[in-house]
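Peer 1: There's a structure below that I have some questions on.
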Amino acid sequence: MIRDLLPGDFRIPEHWQAFDGRLKPFQAPGVQTFDGPDFIPLFQNERLYAVMTQLLGSERLLVRDGSLAITMRNDARRAGELSQRLHLDPAVPEDVDDFLFTPEEIEIGGCFYFTDVEPGGGGIHVVPGGHRFVEQKARGVSAGRQLYDKWRDIPGLETVEVTGSSGDFVLMHHLMPHAASHNRNSTTRVAQFLRYSRDDAPWSVGERPGDRPGANGFGPAQLAAMTPLGRRLLGVDPW
Ligand SMILES: O=C(O)CCC(=O)C(=O)O
Ligand SMILES: [Fe+2]
């Protein structure tokens with residue numbers, strides 16, 4: 001299904017992003033979420049949900065994002081292994097000055113690998129214990145959310161690449177510094193990003209499940225693919 005996104009003539013659509021061998025498909029200009037019927041089973045995966053309920057301390061969760069990233073081989077050897085600056089995508093809006101550090105605020109995100117990711121194969125890089133470093137730094141100043149260009153460019157941390165097999169989910173605290181890396185291998189890395197939060201989360205970044213009218217904007221084929229759990233996670237039914 002991902003392969004079908006790429007046209008046979010390899011034309012990269014104008015509205016996709018393409019940097020350093022990393023393609024970011026968009027369903028339509030400005031719409032990065034891929035939540036068609038084929039993808040719904042991932043959003044409502046019961047094992048992943050069970051893990052998230054334990055980590056987030058609540059059964060009433062919402063899921064969002066669904067963006068894709070396709071990292072193809074890139075042999076360019078400029079400036080190290082990372083293809084992005086080390087950053088956070090926290091569940092706290094950029095104009096908020098301080099993280100709350102409450103359990104309700106935590107979002108757990110990450111990605112499904114749809115391909116095997118071997119060393120050097122474009123795996124996401126993370127910082128062991130990095131979420132604790134972020135909390136300590138941010139608590140030590142006023143306006144901790146604003147540090148390091150709003151945590152878009154975090155200096156001075158060593159990273160490790162997360163390898164894995166097709167079907168694995170790489171799971172990250174929302175305060176975990178991370179970045180995409182160059183793929184030096186011939187196997188293309190394909191990943192889909194999902195983010196789980198509690199339904200009593202204090203902030204809203206981007207669109208939240210349940211924001212859209214009707215069955216949260218979903219069509220019949222998507223609704224047919226949803227389990228009762230999926231309907232709640234995706235904001236079709238209330239918790
Ligand atoms: O593709 C990856 O490995 C990470 C991407 C990422 O963190 C981002 O685009 O915000
Ligand atoms: Fe990110």
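FYI, nothing fancy with the structure tokens labels: chains A, B, ... in order, residues from 1 per chain, ligands from 1 as they appear.
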Residues within 8 Å of ligand 1 (only C-alpha atoms and all ligand atoms), as a VMD selection string?
Peer 2: chain A and resid 22 69 to 71 84 87 to 89 122 to 125 178 to 181 191
Peer 1: Figure out the distance between CA of Gly130 (chain A) and CA of Met172 (chain A), please, to one decimal in Å.
Peer 2: 10.1 Å
Peer 1: Go through region 26-216 of chain A and collect every residue that DSSP, computed from the backbone, puts in strand (DSSP E or B); the answer should be as a ChimeraX atom specification.
Peer 2: /A:28,31,61-71,73,82,87,107-113,117,121,125-126,160-161,164,169-173,178-179,181,183,189-198
Peer 1: Could you name the residues that touch Trp151 (chain A) at 9 Å or less, counting only C-alpha atoms, but leaving out those on the same chain fewer than 2 positions away, as a list in words?
Peer 2: Leu86, His87, Leu88, Asp89, Pro90, Arg145, Gln146, Leu147, Tyr148, Asp149, Asp153, Ile154 and Pro177 of chain A
Peer 1: Give me, as a list in words, all polymer residues having an atom no more than 7 Å from region 167-171 of chain A, counting only C-alpha atoms and skipping those fewer than 6 positions away in the same chain.
Peer 2: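 What passes the distance filter is Ile108, Gly109, Gly110, Cys111, Phe112, Tyr113 and Phe114 of chain A.
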Peer 1: Include N, CA, C and O atoms and write out the residues we just selected as a JSON list (two decimals), in the first residue's frame.
Peer 2:
```
[["chain", "number", "residue", "atom", "x", "y", "z"],
["A", 108, "ILE", "N", 2.92, 9.60, 24.49],
["A", 108, "ILE", "CA", 3.90, 8.61, 24.04],
["A", 108, "ILE", "C", 3.71, 8.46, 22.54],
["A", 108, "ILE", "O", 2.62, 8.11, 22.08],
["A", 109, "GLY", "N", 4.76, 8.75, 21.84],
["A", 109, "GLY", "CA", 4.70, 8.64, 20.40],
["A", 109, "GLY", "C", 5.67, 7.59, 19.92],
["A", 109, "GLY", "O", 6.23, 6.83, 20.72],
["A", 110, "GLY", "N", 5.86, 7.57, 18.66],
["A", 110, "GLY", "CA", 6.83, 6.62, 18.10],
["A", 110, "GLY", "C", 6.40, 6.19, 16.73],
["A", 110, "GLY", "O", 5.53, 6.82, 16.12],
["A", 111, "CYS", "N", 7.03, 5.14, 16.26],
["A", 111, "CYS", "CA", 6.70, 4.71, 14.90],
["A", 111, "CYS", "C", 6.74, 3.21, 14.74],
["A", 111, "CYS", "O", 7.51, 2.51, 15.40],
["A", 112, "PHE", "N", 5.85, 2.74, 13.89],
["A", 112, "PHE", "CA", 5.93, 1.38, 13.38],
["A", 112, "PHE", "C", 6.96, 1.37, 12.28],
["A", 112, "PHE", "O", 6.93, 2.22, 11.38],
["A", 113, "TYR", "N", 7.88, 0.42, 12.33],
["A", 113, "TYR", "CA", 8.74, 0.16, 11.17],
["A", 113, "TYR", "C", 7.98, -0.80, 10.25],
["A", 113, "TYR", "O", 7.50, -1.84, 10.72],
["A", 114, "PHE", "N", 7.90, -0.47, 9.00],
["A", 114, "PHE", "CA", 7.27, -1.37, 8.02],
["A", 114, "PHE", "C", 8.33, -2.16, 7.26],
["A", 114, "PHE", "O", 8.01, -2.93, 6.36]]
```
Peer 1: Neighbours of region 227-231 of chain A within 8 Å (only C-alpha atoms; same-chain residues fewer than 5 positions away dropped), as an mmCIF file with N, CA, C and O atoms, in the first residue's frame?
Peer 2:
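Result file is out.cif:
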```cif
data_model
loop_
_atom_site.group_PDB
_atom_site.id
_atom_site.type_symbol
_atom_site.label_atom_id
_atom_site.label_comp_id
_atom_site.auth_asym_id
_atom_site.auth_seq_id
_atom_site.Cartn_x
_atom_site.Cartn_y
_atom_site.Cartn_z
ATOM 1 N N ILE A 40 -5.932 1.793 9.610
ATOM 2 C CA ILE A 40 -6.702 1.812 10.863
ATOM 3 C C ILE A 40 -6.262 0.700 11.836
ATOM 4 O O ILE A 40 -6.139 0.941 13.042
ATOM 5 N N PHE A 43 -3.533 1.955 14.124
ATOM 6 C CA PHE A 43 -3.961 2.929 15.139
ATOM 7 C C PHE A 43 -4.624 2.232 16.335
ATOM 8 O O PHE A 43 -4.522 2.688 17.458
ATOM 9 N N GLN A 44 -5.369 1.137 16.055
ATOM 10 C CA GLN A 44 -6.147 0.476 17.107
ATOM 11 C C GLN A 44 -5.525 -0.847 17.527
ATOM 12 O O GLN A 44 -6.198 -1.663 18.153
ATOM 13 N N VAL A 236 -14.321 8.882 17.387
ATOM 14 C CA VAL A 236 -15.650 8.702 16.793
ATOM 15 C C VAL A 236 -16.677 8.558 17.910
ATOM 16 O O VAL A 236 -17.746 9.179 17.868
ATOM 17 N N ASP A 237 -16.367 7.711 18.897
ATOM 18 C CA ASP A 237 -17.234 7.536 20.076
ATOM 19 C C ASP A 237 -16.538 8.144 21.286
ATOM 20 O O ASP A 237 -15.311 8.075 21.401
#
```
Peer 1: Can you work out which one of A:Met176, A:Leu56, A:Ala76, A:Val31 has the shortest atom-to-atom distance to Phe133 (chain A), counting only C-alpha atoms?
Peer 2: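 Comparing A:Met176, A:Leu56, A:Ala76, A:Val31 against Phe133 (chain A), the winner is A:Met176.
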Peer 1: Between A:His174, A:Arg198, A:Arg232, A:Arg189, which has the minimum distance to ligand 2 (counting only C-alpha atoms and all ligand atoms)?
Peer 2: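 Between A:His174, A:Arg198, A:Arg232, A:Arg189, the residue approaching ligand 2 most closely is A:His174.
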